[in-house]
Amino acid sequence: MAGGITIPVLVAAVANTGAIGSFGFAYSNAQKINEDLIAAKTLTKNPINANFFIFSPVTLPNEHTQNEALSALNRLPNSENISLRIPQPPFHLDLEEQLQPIWEHQPAMLTFHLGIPPQVVIQRAHSLDICVGITATNEKEALAIQKAGADFIVAQGIEAGGHRGHFDADDDSDEQHSTTELVTRLAAVSSLPIVAAGGIMDGEDIRNILNHGASAAQMGTAFLCCDEAGTSPTHKHFIMNEHDRETVYTKGFSGRWAQGINNQFIKLMEKEPVLPFPIQNMLTNPVRQFAIETNDGEYQSLWAGKSYKKARATPVRQLIQQLVDELKLADL
Ligand SMILES: Cc1cc2nc3c(=O)[nH]c(=O)nc-3n(C[C@H](O)[C@H](O)[C@H](O)COP(=O)(O)O)c2cc1C
């Protein structure tokens with residue numbers, strides 16, 4: 001989970017229980033990735049995962065569209081405190097550079113979201129015995145992942161929090177399968193192990209998804225309120241307390257569909273023009289940062305899955321023990 005949540009203490013705490021702790025490195029530069037991997041190594045010897053986004057090539061739209069997107073943000077009630085500028089390239093970090101510390105520190109797993117990495121990346125990972133997983137949201141993507149030589153597929157259902165992992169950002173015909181539906185479909189067409197992601201919050205959910213053909217469960221939202229998570233205090237507060245809101249998908253924060261707890265920003269941006277991903281993400285960065293500094297949950301991206309009300313605020317070790325106990329109970 002990129003964006004300051006998967007800090008080394010969280011990743012290591014998860015790994016130390018025997019589960020796989022994951023770093024979300026999408027927005028981290030090579031130096032930060034290097035520091036985080038070194039920090040994690042001092043806290044755990046167990047396998048961990050490093051996750052990256054596959055950014056598609058993107059250019060700024062014409063000036064009129066830029067101004068419209070900027071004006072929409074400048075109309076927000078708290079905008080007088082924030083100075084916004086149209087971002088200039090580069091709009092994202094270079095994957096090859098981001099991966100340099102990976103080749104050096106060699107975490108056990110490498111996963112990719114929003115697309116398939118270049119062949120040389122998969123080959124290099126395999127030459128170092130690093131296992132590669134890639135997110136799919138439908139059968140077509142899963143088959144492309146299998147063809148590319150990945151070791152497993154992360155099946156991301158519509159319940160999942162954060163960015164929707166479909167490859168084509170402009171694709172508004174997203175098939176929107178639930179996690180169980182998707183796992184069933186992918187198990188029918190692919191021989192690769194499937195890691196299910198989306199709405200898995202307790203041991204019973206894990207049992208259910210394993211019964212549908214998944215080999216493992218990937219849980220994001222369930223860990224957001226753990227003591228060790230770098231989640232902002234407001235984000236944690238909303239997950240634990242704001243249970244009347246529900247989650248919604250929005251393009252307002254980043255320019256790509258992502259699911260989070262409904263708030264003022266999402267409502268105000270519903271019909272407003274946005275710049276393409278990840279340019280909109282850079283454009284809204286000062287809005288989100290100001291909201292974090294002022295503990296204002298109405299203007300933060302409160303990414304969370306549909307089942308966020310089942311999240312638990314506990315130390316990681318306790319959460320995993322509860323999941324294990326619940327899974328055993330579900331097996332009886
Ligand atoms: C706050 C947050 C940030 C996320 N960031 C990433 C990310 O950087 N890379 C990624 O592959 N998935 C990301 N996801 C999606 C998760 O990998 C996973 O698909 C999802 O959390 C599973 O559904 P759940 O949230 O219902 O557990 C994120 C999810 C959340 C909630």
# chains A, B, ... in the order shown; residues from 1 in each chain; ligands from 1
call {"tool": "closest_atom_pairs", "arguments": {"of": "segment 74-119 of chain A", "to": "segment 3-26 of chain A", "cutoff": "10 Å", "atoms": "only C-alpha atoms", "output": "JSON lines"}}
result
{"residue": "A:His92", "atom": "CA", "partner": "A:Ala26", "partner_atom": "CA", "distance": 8.8}
{"residue": "A:Leu93", "atom": "CA", "partner": "A:Ala26", "partner_atom": "CA", "distance": 8.2}
{"residue": "A:Leu95", "atom": "CA", "partner": "A:Ala26", "partner_atom": "CA", "distance": 8.9}
{"residue": "A:Gln98", "atom": "CA", "partner": "A:Phe25", "partner_atom": "CA", "distance": 8.3}
{"residue": "A:Leu99", "atom": "CA", "partner": "A:Phe25", "partner_atom": "CA", "distance": 9.7}
{"residue": "A:Pro107", "atom": "CA", "partner": "A:Ser22", "partner_atom": "CA", "distance": 9.8}
{"residue": "A:Ala108", "atom": "CA", "partner": "A:Ile20", "partner_atom": "CA", "distance": 9.2}
{"residue": "A:Met109", "atom": "CA", "partner": "A:Ser22", "partner_atom": "CA", "distance": 8.8}
{"residue": "A:Leu110", "atom": "CA", "partner": "A:Ser22", "partner_atom": "CA", "distance": 9.1}
{"residue": "A:Thr111", "atom": "CA", "partner": "A:Ser22", "partner_atom": "CA", "distance": 9.1}
{"residue": "A:Phe112", "atom": "CA", "partner": "A:Ala26", "partner_atom": "CA", "distance": 9.2}
{"residue": "A:His113", "atom": "CA", "partner": "A:Ala26", "partner_atom": "CA", "distance": 9.0}
call {"tool": "write_last_selection", "arguments": {"atoms": "N, CA, C and O atoms", "output": "compact mmCIF listing (two decimals), in the first residue's frame"}}
result
# COMPACT_ATOMS: atom_id res chain seq x y z
N HIS A 92 6.12 10.50 -13.33
CA HIS A 92 6.30 9.38 -12.40
C HIS A 92 7.76 8.97 -12.41
O HIS A 92 8.52 9.36 -13.31
N LEU A 93 8.13 8.15 -11.43
CA LEU A 93 9.52 7.71 -11.34
C LEU A 93 9.80 6.65 -12.40
O LEU A 93 8.88 6.01 -12.92
N LEU A 95 10.87 3.17 -13.60
CA LEU A 95 10.83 1.83 -12.98
C LEU A 95 12.23 1.20 -12.91
O LEU A 95 12.59 0.60 -11.88
N GLN A 98 13.93 2.64 -10.01
CA GLN A 98 13.31 2.18 -8.76
C GLN A 98 13.74 0.76 -8.41
O GLN A 98 13.84 0.39 -7.24
N LEU A 99 13.97 -0.04 -9.47
CA LEU A 99 14.27 -1.46 -9.22
C LEU A 99 15.73 -1.73 -8.82
O LEU A 99 16.04 -2.83 -8.36
N PRO A 107 14.38 -8.88 -2.27
CA PRO A 107 13.26 -9.40 -1.49
C PRO A 107 12.72 -10.67 -2.16
O PRO A 107 12.97 -10.87 -3.36
N ALA A 108 12.01 -11.49 -1.41
CA ALA A 108 11.57 -12.78 -1.97
C ALA A 108 10.56 -12.61 -3.11
O ALA A 108 10.49 -13.45 -4.00
N MET A 109 9.80 -11.52 -3.06
CA MET A 109 8.72 -11.34 -4.03
C MET A 109 8.70 -9.94 -4.59
O MET A 109 9.06 -8.98 -3.91
N LEU A 110 8.18 -9.87 -5.81
CA LEU A 110 8.05 -8.59 -6.50
C LEU A 110 6.66 -8.61 -7.13
O LEU A 110 6.32 -9.55 -7.86
N THR A 111 5.83 -7.61 -6.84
CA THR A 111 4.51 -7.57 -7.48
C THR A 111 4.31 -6.25 -8.21
O THR A 111 4.89 -5.23 -7.85
N PHE A 112 3.46 -6.33 -9.25
CA PHE A 112 3.20 -5.16 -10.09
C PHE A 112 1.71 -4.95 -10.22
O PHE A 112 0.93 -5.90 -10.30
N HIS A 113 1.33 -3.67 -10.26
CA HIS A 113 -0.07 -3.27 -10.30
C HIS A 113 -0.26 -2.33 -11.49
O HIS A 113 0.64 -1.53 -11.78
call {"tool": "residues_near_ligand", "arguments": {"ligand": "ligand 1", "cutoff": "6 Å", "atoms": "only C-alpha atoms and all ligand atoms", "output": "JSON list (two decimals) with N, CA and C atoms, in the first residue's frame"}}
result
[["chain", "number", "residue", "atom", "x", "y", "z"],
["A", 1, "MET", "N", 0.86, -1.20, 0.00],
["A", 1, "MET", "CA", 0.00, 0.00, 0.00],
["A", 1, "MET", "C", 0.89, 1.24, 0.00],
["A", 2, "ALA", "N", 1.00, 1.85, -1.18],
["A", 2, "ALA", "CA", 1.88, 3.01, -1.34],
["A", 2, "ALA", "C", 1.32, 4.22, -0.61],
["A", 24, "GLY", "N", 4.67, -0.93, -0.49],
["A", 24, "GLY", "CA", 4.11, -0.26, -1.66],
["A", 24, "GLY", "C", 5.07, 0.83, -2.08],
["A", 26, "ALA", "N", 5.30, 2.39, -5.13],
["A", 26, "ALA", "CA", 4.93, 3.08, -6.38],
["A", 26, "ALA", "C", 5.46, 4.50, -6.47],
["A", 51, "ASN", "N", 6.26, -3.91, -4.03],
["A", 51, "ASN", "CA", 5.22, -3.69, -5.04],
["A", 51, "ASN", "C", 5.42, -2.37, -5.78],
["A", 113, "HIS", "N", 1.33, -3.67, -10.26],
["A", 113, "HIS", "CA", -0.07, -3.27, -10.30],
["A", 113, "HIS", "C", -0.26, -2.33, -11.49],
["A", 156, "GLN", "N", -7.72, -9.08, -8.25],
["A", 156, "GLN", "CA", -8.26, -7.95, -7.48],
["A", 156, "GLN", "C", -9.74, -7.75, -7.79],
["A", 159, "GLU", "N", -14.24, -5.16, -4.59],
["A", 159, "GLU", "CA", -14.32, -4.75, -3.17],
["A", 159, "GLU", "C", -13.04, -4.09, -2.68],
["A", 160, "ALA", "N", -11.94, -4.27, -3.42],
["A", 160, "ALA", "CA", -10.61, -3.86, -2.93],
["A", 160, "ALA", "C", -10.47, -2.36, -2.76],
["A", 161, "GLY", "N", -9.75, -1.97, -1.73],
["A", 161, "GLY", "CA", -9.44, -0.56, -1.52],
["A", 161, "GLY", "C", -8.29, -0.12, -2.41],
["A", 162, "GLY", "N", -8.14, 1.19, -2.58],
["A", 162, "GLY", "CA", -7.03, 1.74, -3.37],
["A", 162, "GLY", "C", -7.31, 1.70, -4.86],
["A", 163, "HIS", "N", -6.23, 1.78, -5.65],
["A", 163, "HIS", "CA", -6.39, 1.88, -7.10],
["A", 163, "HIS", "C", -6.83, 0.58, -7.73],
["A", 197, "ALA", "N", -7.52, -10.74, -3.73],
["A", 197, "ALA", "CA", -7.48, -9.44, -3.04],
["A", 197, "ALA", "C", -8.83, -8.74, -3.18],
["A", 198, "GLY", "N", -9.35, -8.25, -2.05],
["A", 198, "GLY", "CA", -10.59, -7.48, -2.10],
["A", 198, "GLY", "C", -11.61, -7.96, -1.10],
["A", 199, "GLY", "N", -11.79, -7.21, -0.02],
["A", 199, "GLY", "CA", -12.85, -7.50, 0.93],
["A", 199, "GLY", "C", -12.56, -8.64, 1.88],
["A", 200, "ILE", "N", -11.31, -9.08, 1.95],
["A", 200, "ILE", "CA", -10.96, -10.21, 2.84],
["A", 200, "ILE", "C", -10.53, -9.61, 4.18],
["A", 219, "MET", "N", -4.41, -9.00, 1.86],
["A", 219, "MET", "CA", -5.28, -8.13, 2.65],
["A", 219, "MET", "C", -4.65, -6.75, 2.81],
["A", 220, "GLY", "N", -5.38, -5.72, 2.44],
["A", 220, "GLY", "CA", -4.89, -4.36, 2.59],
["A", 220, "GLY", "C", -5.59, -3.64, 3.72],
["A", 221, "THR", "N", -6.88, -3.39, 3.52],
["A", 221, "THR", "CA", -7.67, -2.62, 4.49],
["A", 221, "THR", "C", -7.58, -3.19, 5.90],
["A", 222, "ALA", "N", -7.54, -4.51, 6.02],
["A", 222, "ALA", "CA", -7.51, -5.15, 7.34],
["A", 222, "ALA", "C", -6.31, -4.70, 8.17],
["A", 303, "TRP", "N", -8.17, 5.84, 1.20],
["A", 303, "TRP", "CA", -8.32, 4.57, 0.48],
["A", 303, "TRP", "C", -8.70, 3.45, 1.44],
["A", 304, "ALA", "N", -9.70, 2.70, 1.08],
["A", 304, "ALA", "CA", -10.17, 1.59, 1.92],
["A", 304, "ALA", "C", -11.10, 0.73, 1.07],
["A", 305, "GLY", "N", -11.14, -0.56, 1.43],
["A", 305, "GLY", "CA", -12.02, -1.48, 0.71],
["A", 305, "GLY", "C", -13.44, -1.42, 1.26]]
call {"tool": "closest_residue", "arguments": {"among": "A:Asp296, A:Thr314, A:Gln176, A:Glu104", "to": "Tyr249 of chain A", "atoms": "only C-alpha atoms"}}
result
A:Gln176
call {"tool": "select_by_dssp", "arguments": {"residues": "segment 46-229 of chain A", "states": "alpha helix (DSSP H)", "output": "PyMOL selection string"}}
result
chain A and resi 63-74+95-105+119-127+139-148+179-189+203-211
call {"tool": "closest_residue", "arguments": {"among": "A:Thr184, A:Gln66, A:Gln300, A:Thr234", "to": "Ile266 of chain A", "atoms": "only C-alpha atoms"}}
result
A:Gln300
call {"tool": "residues_around", "arguments": {"residues": "Thr135 of chain A", "least_positions_apart": "5", "cutoff": "6 Å", "atoms": "only C-alpha atoms", "output": "ChimeraX atom specification"}}
result
/A:113,153-155
call {"tool": "closest_residue", "arguments": {"among": "A:Pro315, A:Gly149, A:Pro90, A:Gly260", "to": "Thr247 of chain A", "atoms": "only C-alpha atoms"}}
result
A:Gly260
call {"tool": "residues_around", "arguments": {"residues": "segment 75-81 of chain A", "least_positions_apart": "5", "cutoff": "10 Å", "atoms": "only C-alpha atoms", "output": "VMD selection string"}}
result
chain A and resid 70 264 to 265 268 to 269 286 to 287 290 to 291 299
call {"tool": "write_last_selection", "arguments": {"atoms": "C-alpha atoms", "output": "PDB file, in the first residue's frame"}}
result
ATOM      1  CA  LEU A  70      -6.994  23.468 -11.869  1.00  0.00           C
ATOM      2  CA  GLN A 264     -16.312  16.028   0.900  1.00  0.00           C
ATOM      3  CA  PHE A 265     -13.524  16.046  -1.699  1.00  0.00           C
ATOM      4  CA  LEU A 268     -17.313  17.953  -4.743  1.00  0.00           C
ATOM      5  CA  MET A 269     -15.132  16.418  -7.464  1.00  0.00           C
ATOM      6  CA  PRO A 286      -0.839  19.811  -1.851  1.00  0.00           C
ATOM      7  CA  VAL A 287      -4.580  19.375  -1.098  1.00  0.00           C
ATOM      8  CA  PHE A 290      -2.572  20.111   3.812  1.00  0.00           C
ATOM      9  CA  ALA A 291      -5.445  17.865   4.907  1.00  0.00           C
ATOM     10  CA  TYR A 299      -9.765  16.222   1.852  1.00  0.00           C
TER      11      TYR A 299
END
call {"tool": "closest_residue", "arguments": {"among": "A:Pro193, A:Asp36, A:Gly255, A:Leu143", "to": "Met282 of chain A", "atoms": "only C-alpha atoms"}}
result
A:Gly255
call {"tool": "closest_residue", "arguments": {"among": "A:Ser232, A:Asn208, A:Ser127, A:Gln106", "to": "Glu326 of chain A", "atoms": "only C-alpha atoms"}}
result
A:Asn208
call {"tool": "select_by_dssp", "arguments": {"residues": "segment 75-266 of chain A", "states": "strand (DSSP E)", "output": "PyMOL selection string"}}
result
chain A and resi 109-113+131-136+152-156+162-163+194-197+216-218+247-250+258-261
call {"tool": "write_last_selection", "arguments": {"atoms": "N, CA, C and O atoms", "output": "short mmCIF file (atom, residue, chain, number, x, y, z; two decimals), in the first residue's frame"}}
result
data_model
loop_
_atom_site.label_atom_id
_atom_site.label_comp_id
_atom_site.auth_asym_id
_atom_site.auth_seq_id
_atom_site.Cartn_x
_atom_site.Cartn_y
_atom_site.Cartn_z
N MET A 109 9.80 -11.52 -3.06
CA MET A 109 8.72 -11.34 -4.03
C MET A 109 8.70 -9.94 -4.59
O MET A 109 9.06 -8.98 -3.91
N LEU A 110 8.18 -9.87 -5.81
CA LEU A 110 8.05 -8.59 -6.50
C LEU A 110 6.66 -8.61 -7.13
O LEU A 110 6.32 -9.55 -7.86
N THR A 111 5.83 -7.61 -6.84
CA THR A 111 4.51 -7.57 -7.48
C THR A 111 4.31 -6.25 -8.21
O THR A 111 4.89 -5.23 -7.85
N PHE A 112 3.46 -6.33 -9.25
CA PHE A 112 3.20 -5.16 -10.09
C PHE A 112 1.71 -4.95 -10.22
O PHE A 112 0.93 -5.90 -10.30
N HIS A 113 1.33 -3.67 -10.26
CA HIS A 113 -0.07 -3.27 -10.30
C HIS A 113 -0.26 -2.33 -11.49
O HIS A 113 0.64 -1.53 -11.78
N CYS A 131 10.27 -14.17 -6.85
CA CYS A 131 8.99 -14.61 -7.38
C CYS A 131 8.19 -13.38 -7.84
O CYS A 131 8.17 -12.36 -7.15
N VAL A 132 7.53 -13.46 -9.01
CA VAL A 132 6.84 -12.28 -9.56
C VAL A 132 5.32 -12.50 -9.63
O VAL A 132 4.85 -13.51 -10.15
N GLY A 133 4.57 -11.53 -9.09
CA GLY A 133 3.11 -11.56 -9.18
C GLY A 133 2.59 -10.28 -9.81
O GLY A 133 3.21 -9.22 -9.66
N ILE A 134 1.48 -10.39 -10.54
CA ILE A 134 0.91 -9.22 -11.23
C ILE A 134 -0.61 -9.21 -11.04
O ILE A 134 -1.26 -10.25 -11.12
N THR A 135 -1.16 -8.03 -10.83
CA THR A 135 -2.62 -7.90 -10.62
C THR A 135 -3.40 -8.07 -11.91
O THR A 135 -3.05 -7.49 -12.94
N ALA A 136 -4.50 -8.83 -11.80
CA ALA A 136 -5.47 -8.95 -12.89
C ALA A 136 -6.87 -8.65 -12.36
O ALA A 136 -7.16 -8.96 -11.20
N PHE A 152 2.63 -15.82 -10.24
CA PHE A 152 1.27 -15.88 -9.68
C PHE A 152 0.48 -14.65 -10.11
O PHE A 152 1.05 -13.65 -10.57
N ILE A 153 -0.84 -14.77 -9.95
CA ILE A 153 -1.73 -13.67 -10.32
C ILE A 153 -2.39 -13.14 -9.06
O ILE A 153 -2.88 -13.91 -8.23
N VAL A 154 -2.40 -11.82 -8.90
CA VAL A 154 -3.18 -11.21 -7.82
C VAL A 154 -4.54 -10.87 -8.41
O VAL A 154 -4.64 -10.00 -9.30
N ALA A 155 -5.58 -11.57 -7.98
CA ALA A 155 -6.93 -11.35 -8.51
C ALA A 155 -7.61 -10.27 -7.68
O ALA A 155 -7.98 -10.51 -6.54
N GLN A 156 -7.72 -9.08 -8.25
CA GLN A 156 -8.26 -7.95 -7.48
C GLN A 156 -9.74 -7.75 -7.79
O GLN A 156 -10.12 -7.32 -8.89
N GLY A 162 -8.14 1.19 -2.58
CA GLY A 162 -7.03 1.74 -3.37
C GLY A 162 -7.31 1.70 -4.86
O GLY A 162 -8.47 1.58 -5.28
N HIS A 163 -6.23 1.78 -5.65
CA HIS A 163 -6.39 1.88 -7.10
C HIS A 163 -6.83 0.58 -7.73
O HIS A 163 -6.27 -0.48 -7.45
N ILE A 194 -3.35 -18.31 -7.62
CA ILE A 194 -4.10 -17.05 -7.56
C ILE A 194 -4.10 -16.53 -6.13
O ILE A 194 -4.47 -17.24 -5.19
N VAL A 195 -3.66 -15.29 -5.99
CA VAL A 195 -3.72 -14.60 -4.69
C VAL A 195 -4.92 -13.66 -4.75
O VAL A 195 -4.96 -12.76 -5.60
N ALA A 196 -5.88 -13.89 -3.89
CA ALA A 196 -7.13 -13.12 -3.95
C ALA A 196 -7.03 -11.84 -3.14
O ALA A 196 -6.52 -11.84 -2.02
N ALA A 197 -7.52 -10.74 -3.73
CA ALA A 197 -7.48 -9.44 -3.04
C ALA A 197 -8.83 -8.74 -3.18
O ALA A 197 -9.38 -8.65 -4.27
N ALA A 216 -3.90 -18.08 -1.87
CA ALA A 216 -3.56 -17.21 -0.75
C ALA A 216 -4.46 -15.98 -0.78
O ALA A 216 -5.15 -15.73 -1.78
N ALA A 217 -4.47 -15.26 0.34
CA ALA A 217 -5.28 -14.03 0.43
C ALA A 217 -4.34 -12.84 0.59
O ALA A 217 -3.37 -12.90 1.34
N GLN A 218 -4.64 -11.76 -0.13
CA GLN A 218 -3.90 -10.50 0.03
C GLN A 218 -4.84 -9.51 0.71
O GLN A 218 -5.93 -9.23 0.21
N THR A 247 -17.85 3.20 1.07
CA THR A 247 -16.74 3.55 0.18
C THR A 247 -17.30 3.83 -1.22
O THR A 247 -18.37 3.35 -1.57
N VAL A 248 -16.53 4.60 -1.99
CA VAL A 248 -16.91 4.88 -3.38
C VAL A 248 -15.64 4.88 -4.24
O VAL A 248 -14.53 5.04 -3.71
N TYR A 249 -15.84 4.70 -5.53
CA TYR A 249 -14.72 4.86 -6.47
C TYR A 249 -14.68 6.30 -6.95
O TYR A 249 -15.72 6.90 -7.23
N THR A 250 -13.49 6.86 -7.04
CA THR A 250 -13.32 8.23 -7.51
C THR A 250 -12.08 8.33 -8.40
O THR A 250 -11.12 7.58 -8.21
N ALA A 258 -10.11 4.76 -8.02
CA ALA A 258 -9.58 4.19 -6.76
C ALA A 258 -10.69 4.26 -5.73
O ALA A 258 -11.53 5.18 -5.77
N GLN A 259 -10.70 3.28 -4.84
CA GLN A 259 -11.80 3.18 -3.86
C GLN A 259 -11.37 3.67 -2.47
O GLN A 259 -10.31 3.28 -1.96
N GLY A 260 -12.19 4.53 -1.90
CA GLY A 260 -11.91 5.02 -0.55
C GLY A 260 -13.19 5.44 0.15
O GLY A 260 -14.28 5.43 -0.45
N ILE A 261 -13.05 5.81 1.41
CA ILE A 261 -14.21 6.24 2.19
C ILE A 261 -14.71 7.57 1.64
O ILE A 261 -13.94 8.50 1.38
#
call {"tool": "closest_atom_pairs", "arguments": {"of": "segment 172-261 of chain A", "to": "segment 165-168 of chain A", "cutoff": "10 Å", "atoms": "only C-alpha atoms", "output": "Markdown table"}}
result
| residue | atom | partner | partner_atom | distance |
| --- | --- | --- | --- | --- |
| A:Asp172 | CA | A:Asp168 | CA | 8.7 |
| A:Ser173 | CA | A:Asp168 | CA | 9.8 |
| A:Asp174 | CA | A:His166 | CA | 7.3 |
| A:Glu175 | CA | A:His166 | CA | 9.3 |
| A:Gln176 | CA | A:His166 | CA | 9.6 |
| A:Arg256 | CA | A:Gly165 | CA | 9.6 |
| A:Trp257 | CA | A:Gly165 | CA | 8.9 |
| A:Ala258 | CA | A:Gly165 | CA | 9.0 |
call {"tool": "decode", "arguments": {"residues": "segment 95-103 of chain A", "atoms": "all heavy atoms", "output": "PDB file, in the first residue's frame"}}
result
ATOM      1  N   LEU A  95      10.874   3.167 -13.599  1.00  0.00           N
ATOM      2  CA  LEU A  95      10.830   1.829 -12.982  1.00  0.00           C
ATOM      3  C   LEU A  95      12.228   1.199 -12.905  1.00  0.00           C
ATOM      4  O   LEU A  95      12.590   0.599 -11.884  1.00  0.00           O
ATOM      5  CB  LEU A  95       9.870   0.915 -13.753  1.00  0.00           C
ATOM      6  CG  LEU A  95       9.698  -0.491 -13.184  1.00  0.00           C
ATOM      7  CD1 LEU A  95       9.034  -0.463 -11.797  1.00  0.00           C
ATOM      8  CD2 LEU A  95       8.881  -1.378 -14.125  1.00  0.00           C
ATOM      9  N   GLU A  96      12.998   1.368 -13.968  1.00  0.00           N
ATOM     10  CA  GLU A  96      14.338   0.761 -13.983  1.00  0.00           C
ATOM     11  C   GLU A  96      15.167   1.286 -12.803  1.00  0.00           C
ATOM     12  O   GLU A  96      15.851   0.513 -12.124  1.00  0.00           O
ATOM     13  CB  GLU A  96      15.006   1.102 -15.310  1.00  0.00           C
ATOM     14  CG  GLU A  96      16.032   0.083 -15.722  1.00  0.00           C
ATOM     15  CD  GLU A  96      16.700   0.479 -17.035  1.00  0.00           C
ATOM     16  OE1 GLU A  96      15.981   0.831 -18.000  1.00  0.00           O
ATOM     17  OE2 GLU A  96      17.946   0.450 -17.060  1.00  0.00           O
ATOM     18  N   GLU A  97      15.067   2.599 -12.569  1.00  0.00           N
ATOM     19  CA  GLU A  97      15.819   3.185 -11.435  1.00  0.00           C
ATOM     20  C   GLU A  97      15.255   2.700 -10.096  1.00  0.00           C
ATOM     21  O   GLU A  97      16.014   2.376  -9.179  1.00  0.00           O
ATOM     22  CB  GLU A  97      15.749   4.712 -11.493  1.00  0.00           C
ATOM     23  CG  GLU A  97      16.704   5.295 -12.505  1.00  0.00           C
ATOM     24  CD  GLU A  97      16.525   6.786 -12.688  1.00  0.00           C
ATOM     25  OE1 GLU A  97      16.088   7.467 -11.735  1.00  0.00           O
ATOM     26  OE2 GLU A  97      16.814   7.258 -13.807  1.00  0.00           O
ATOM     27  N   GLN A  98      13.926   2.642 -10.014  1.00  0.00           N
ATOM     28  CA  GLN A  98      13.308   2.180  -8.760  1.00  0.00           C
ATOM     29  C   GLN A  98      13.741   0.757  -8.413  1.00  0.00           C
ATOM     30  O   GLN A  98      13.836   0.394  -7.245  1.00  0.00           O
ATOM     31  CB  GLN A  98      11.779   2.206  -8.877  1.00  0.00           C
ATOM     32  CG  GLN A  98      11.147   3.587  -8.815  1.00  0.00           C
ATOM     33  CD  GLN A  98       9.635   3.476  -8.906  1.00  0.00           C
ATOM     34  OE1 GLN A  98       9.110   2.935  -9.864  1.00  0.00           O
ATOM     35  NE2 GLN A  98       8.928   3.970  -7.895  1.00  0.00           N
ATOM     36  N   LEU A  99      13.974  -0.041  -9.465  1.00  0.00           N
ATOM     37  CA  LEU A  99      14.268  -1.461  -9.220  1.00  0.00           C
ATOM     38  C   LEU A  99      15.726  -1.732  -8.824  1.00  0.00           C
ATOM     39  O   LEU A  99      16.039  -2.833  -8.363  1.00  0.00           O
ATOM     40  CB  LEU A  99      13.898  -2.293 -10.449  1.00  0.00           C
ATOM     41  CG  LEU A  99      12.386  -2.446 -10.701  1.00  0.00           C
ATOM     42  CD1 LEU A  99      12.125  -3.123 -12.043  1.00  0.00           C
ATOM     43  CD2 LEU A  99      11.716  -3.237  -9.571  1.00  0.00           C
ATOM     44  N   GLN A 100      16.591  -0.741  -8.974  1.00  0.00           N
ATOM     45  CA  GLN A 100      18.010  -0.982  -8.643  1.00  0.00           C
ATOM     46  C   GLN A 100      18.195  -1.534  -7.222  1.00  0.00           C
ATOM     47  O   GLN A 100      18.894  -2.528  -7.026  1.00  0.00           O
ATOM     48  CB  GLN A 100      18.860   0.284  -8.857  1.00  0.00           C
ATOM     49  CG  GLN A 100      19.059   0.661 -10.326  1.00  0.00           C
ATOM     50  CD  GLN A 100      19.420  -0.529 -11.218  1.00  0.00           C
ATOM     51  OE1 GLN A 100      20.319  -1.306 -10.906  1.00  0.00           O
ATOM     52  NE2 GLN A 100      18.682  -0.684 -12.312  1.00  0.00           N
ATOM     53  N   PRO A 101      17.567  -0.913  -6.198  1.00  0.00           N
ATOM     54  CA  PRO A 101      17.734  -1.467  -4.841  1.00  0.00           C
ATOM     55  C   PRO A 101      17.118  -2.852  -4.675  1.00  0.00           C
ATOM     56  O   PRO A 101      17.542  -3.630  -3.818  1.00  0.00           O
ATOM     57  CB  PRO A 101      16.995  -0.468  -3.942  1.00  0.00           C
ATOM     58  CG  PRO A 101      16.602   0.672  -4.800  1.00  0.00           C
ATOM     59  CD  PRO A 101      16.770   0.298  -6.224  1.00  0.00           C
ATOM     60  N   ILE A 102      16.145  -3.171  -5.535  1.00  0.00           N
ATOM     61  CA  ILE A 102      15.525  -4.510  -5.464  1.00  0.00           C
ATOM     62  C   ILE A 102      16.558  -5.559  -5.868  1.00  0.00           C
ATOM     63  O   ILE A 102      16.717  -6.583  -5.215  1.00  0.00           O
ATOM     64  CB  ILE A 102      14.292  -4.586  -6.416  1.00  0.00           C
ATOM     65  CG1 ILE A 102      13.226  -3.580  -5.995  1.00  0.00           C
ATOM     66  CG2 ILE A 102      13.732  -6.010  -6.488  1.00  0.00           C
ATOM     67  CD1 ILE A 102      12.670  -3.760  -4.624  1.00  0.00           C
ATOM     68  N   TRP A 103      17.272  -5.272  -6.966  1.00  0.00           N
ATOM     69  CA  TRP A 103      18.276  -6.256  -7.424  1.00  0.00           C
ATOM     70  C   TRP A 103      19.382  -6.409  -6.384  1.00  0.00           C
ATOM     71  O   TRP A 103      19.982  -7.457  -6.243  1.00  0.00           O
ATOM     72  CB  TRP A 103      18.857  -5.839  -8.778  1.00  0.00           C
ATOM     73  CG  TRP A 103      17.817  -5.548  -9.837  1.00  0.00           C
ATOM     74  CD1 TRP A 103      17.840  -4.529 -10.736  1.00  0.00           C
ATOM     75  CD2 TRP A 103      16.606  -6.283 -10.122  1.00  0.00           C
ATOM     76  NE1 TRP A 103      16.737  -4.569 -11.553  1.00  0.00           N
ATOM     77  CE2 TRP A 103      15.964  -5.633 -11.202  1.00  0.00           C
ATOM     78  CE3 TRP A 103      15.987  -7.411  -9.575  1.00  0.00           C
ATOM     79  CZ2 TRP A 103      14.744  -6.073 -11.733  1.00  0.00           C
ATOM     80  CZ3 TRP A 103      14.782  -7.857 -10.098  1.00  0.00           C
ATOM     81  CH2 TRP A 103      14.182  -7.202 -11.167  1.00  0.00           C
TER      82      TRP A 103
END
